[in-house]
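Asker: Structure provided below as structure tokens; questions to follow.
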Amino acid sequence: MRPALLIALLVMLITSSVPALAVPGLQDLMIQHYPQLKSGPLDSCITCHYPAREGFLNEFGINLKQYGNSFDKVASLDADEDGQSNHDELSHGQFPASRSDDPDLFIFNNKMGQIKFNHRAHISDPGYQINGNCALCHEGPKFFQKKYDDDLTIKNDAHSICWKCHKSHKETRPQAPQVCKDCHNRDIKGRR
């Protein structure tokens with residue numbers, strides 16, 4: 001056998017035993033397991049990638065990677081630790097790695113009232129003046145982590161980071177919250 005052919009066969013043999021990386025085929029596999037998700041909000045990359053915890057994967061994506069991309073093996077796990085299995089959440093069209101109905105909508109609980117934080121708007125809405133610059137909120141020791149944890153208290157960070165920006169935009173963006181009740185709302189209810 002020629003050396004080049006032998007090397008090619010060895011490479012194919014080695015790489016075929018490595019779990020597949022995220023590709024559209026993995027999303028298709030999810031839809032085979034959960035056909036009711038087709039064309040809905042979970043029929044997208046964010047189901048495994050957002051909110052990111054490690055690298056570019058959320059906890060559900062990490063579960064899939066650890067178990068060789070087997071939806072059967074991760075079905076009984078609870079990626080967002082809310083008491084519902086990944087299978088139950090996917091079966092009901094809920095994001096398995098976030099307790100929110102929208103993984104870009106974070107709901108923080110505290111005694112002043114829940115805070116509904118729209119991450120997508122802060123990143124992409126020109127009115128927020130962030131324009132996709134993640135470093136404004138996520139770089140440095142006194143900034144937010146680049147992962148979301150439903151149980152993490154961010155009160156001290158939020159008060160120092162958010163207020164700095166909100167106060168600086170008082171004149172240029174008067175609709176930015178300026179008093180406590182603009183962010184803290186006792187009427188907002190989380191999914192669970």
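Chain labels run A, B, ... following the order of the structure tokens; each chain numbers its residues from 1, and ligands are numbered from 1 in the order shown.
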Please tabulate, as CSV, the residues of region 12-115 of chain A that come within 10 Å of region 119-135 of chain A, each with its closest pair of atoms and the distance in Å to one decimal, counting only C-alpha atoms and ordering rows by chain, then residue number upward.
Answerer:
residue,atom,partner,partner_atom,distance
A:Pro103,CA,A:His119,CA,8.8
A:Asp104,CA,A:His119,CA,5.2
A:Leu105,CA,A:His119,CA,6.1
A:Phe106,CA,A:His119,CA,7.3
Asker: Would you mind exporting C-alpha atoms of the selected residues as a CSV table (one decimal), in the first residue's frame?
Answerer:
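File part22.csv, as written:
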chain,number,residue,atom,x,y,z
A,103,PRO,CA,-31.8,33.1,26.5
A,104,ASP,CA,-31.1,36.7,25.8
A,105,LEU,CA,-33.5,37.9,28.5
A,106,PHE,CA,-32.0,37.5,32.0
Asker: Using only C-alpha atoms, which protein or nucleic acid residues come within 10 Å of Ser76 (chain A)? Drop anything in the same chain fewer than 5 positions from it, and give the result as a PyMOL selection string.
Answerer: chain A and resi 71+84-88
Asker: Please, could you write that set of residues out with C-alpha atoms as a PDB file, in the first residue's frame?
Answerer:
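Output file out-v4.pdb is given in full below:
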ATOM      1  CA  PHE A  71     -29.496  13.463  23.022  1.00  0.00           C
ATOM      2  CA  GLN A  84     -36.719  19.847  35.002  1.00  0.00           C
ATOM      3  CA  SER A  85     -34.764  17.436  32.834  1.00  0.00           C
ATOM      4  CA  ASN A  86     -33.325  18.522  29.499  1.00  0.00           C
ATOM      5  CA  HIS A  87     -35.827  16.170  27.842  1.00  0.00           C
ATOM      6  CA  ASP A  88     -38.823  17.712  29.627  1.00  0.00           C
TER       7      ASP A  88
END
Asker: My list of candidates is A:Gln145, A:Asn185, A:Gln178, A:Ser70. Which is closest to His159 (chain A) when distances are computed with only C-alpha atoms?
Answerer: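 Checking each candidate against His159 (chain A), we get A:Gln178 as the closest.
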Asker: May I ask which of the residues A:Lys167, A:His92, A:Ala52, A:Gly61 is the closest one to Leu77 (chain A), counting only C-alpha atoms?
Answerer: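 Of all the options, A:Gly61 lies closest to Leu77 (chain A).
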Asker: As an exercise, work out the distance from CA of Pro96 (chain A) to CA of Cys137 (chain A) in Å and give it to one decimal place.
Answerer: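 Between CA of Pro96 (chain A) and CA of Cys137 (chain A) the gap works out to 25.5 Å.
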Asker: For Gln27 (chain A), which of A:Lys142, A:Lys111, A:Lys170, A:His49 is the closest residue, counting only C-alpha atoms?
Answerer: A:His49
Asker: Got a sec: who's within 12 Å of Leu90 (chain A), counting only C-alpha atoms, leaving out chain neighbours fewer than 2 positions off, as a ChimeraX atom specification?
Answerer: /A:30-31,33-38,40-43,47-48,60,71,74-79,84-88,92-98,101
Asker: Can I get the selection written as a compact mmCIF listing (two decimals), in the first residue's frame, with C-alpha atoms?
Answerer:
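Output file selection-v3.txt is given in full below:
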# COMPACT_ATOMS: atom_id res chain seq x y z
CA MET A 30 -32.09 17.43 17.70
CA ILE A 31 -35.12 17.99 15.43
CA HIS A 33 -35.55 13.71 18.58
CA TYR A 34 -37.85 16.72 19.14
CA PRO A 35 -39.77 17.37 15.88
CA GLN A 36 -42.07 19.89 17.60
CA LEU A 37 -39.09 22.29 17.79
CA LYS A 38 -38.82 22.59 13.99
CA GLY A 40 -39.27 27.47 16.44
CA PRO A 41 -36.89 29.47 18.64
CA LEU A 42 -34.99 26.34 19.75
CA ASP A 43 -34.32 25.29 16.15
CA THR A 47 -29.98 26.04 22.12
CA CYS A 48 -26.43 24.73 22.68
CA PHE A 60 -26.60 21.95 27.60
CA PHE A 71 -29.50 13.46 23.02
CA VAL A 74 -28.32 13.96 28.16
CA ALA A 75 -32.11 13.63 28.33
CA SER A 76 -32.26 12.99 32.09
CA LEU A 77 -29.71 15.72 32.96
CA ASP A 78 -30.80 19.19 34.08
CA ALA A 79 -28.51 21.73 32.38
CA GLN A 84 -36.72 19.85 35.00
CA SER A 85 -34.76 17.44 32.83
CA ASN A 86 -33.33 18.52 29.50
CA HIS A 87 -35.83 16.17 27.84
CA ASP A 88 -38.82 17.71 29.63
CA HIS A 92 -42.17 21.65 26.06
CA GLY A 93 -40.21 24.06 23.84
CA GLN A 94 -38.19 25.53 26.71
CA PHE A 95 -34.49 26.36 26.62
CA PRO A 96 -32.64 23.61 28.53
CA ALA A 97 -29.70 25.83 29.54
CA SER A 98 -31.60 28.91 30.73
CA ASP A 101 -38.08 31.80 27.99
Asker: What parts of region 11-181 of chain A does DSSP call strand (DSSP E)? I'd like the answer as a short mmCIF file (atom, residue, chain, number, x, y, z; two decimals) with N, CA and C atoms, in the first residue's frame.
Answerer:
data_model
loop_
_atom_site.label_atom_id
_atom_site.label_comp_id
_atom_site.auth_asym_id
_atom_site.auth_seq_id
_atom_site.Cartn_x
_atom_site.Cartn_y
_atom_site.Cartn_z
N LEU A 105 -32.79 37.11 27.48
CA LEU A 105 -33.52 37.87 28.49
C LEU A 105 -33.18 37.27 29.85
N PHE A 106 -32.44 37.99 30.65
CA PHE A 106 -32.02 37.49 31.96
C PHE A 106 -32.93 38.09 33.02
N ILE A 107 -33.38 37.26 33.93
CA ILE A 107 -34.23 37.72 35.02
C ILE A 107 -33.49 37.49 36.33
N PHE A 108 -33.21 38.57 37.02
CA PHE A 108 -32.50 38.51 38.29
C PHE A 108 -33.51 38.76 39.42
N GLN A 114 -37.83 41.92 40.72
CA GLN A 114 -37.04 41.30 39.66
C GLN A 114 -36.56 42.31 38.64
N ILE A 115 -35.40 42.02 38.08
CA ILE A 115 -34.84 42.84 37.02
C ILE A 115 -34.87 42.02 35.74
N LYS A 116 -35.50 42.57 34.73
CA LYS A 116 -35.54 41.93 33.41
C LYS A 116 -34.49 42.63 32.55
N PHE A 117 -33.40 41.92 32.27
CA PHE A 117 -32.29 42.51 31.52
C PHE A 117 -32.26 41.92 30.12
N ASN A 118 -32.40 42.77 29.11
CA ASN A 118 -32.40 42.34 27.73
C ASN A 118 -30.99 42.48 27.16
#
Asker: For the alpha helix (DSSP H) assignment from backbone DSSP, which residues of region 84-125 of chain A qualify? Please present them as a list in words.
Answerer: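 Matching residues, listed in order: Asn86, His87, Asp88, Glu89, Leu90, Ser91, His119, Arg120, Ala121, His122, Ile123 and Ser124 of chain A.
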Asker: Which is closer to Asp182 (chain A) than all the others in A:Arg53, A:Asp102, A:Ile62, A:His166, using only C-alpha atoms?
Answerer: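 Nearest candidate to Asp182 (chain A) out of A:Arg53, A:Asp102, A:Ile62, A:His166: A:His166.
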Asker: Please compute the CA of Ile161 (chain A)-CA of Leu136 (chain A) distance, one decimal, in Å.
Answerer: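 Computing it gives 9.0 Å between the two atoms.
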Asker: Which of these residues is nearest to Ser44 (chain A), using only C-alpha atoms: A:Cys183, A:Glu139, A:Asp28, A:Pro177?
Answerer: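 Result for the nearest residue to Ser44 (chain A): A:Asp28.
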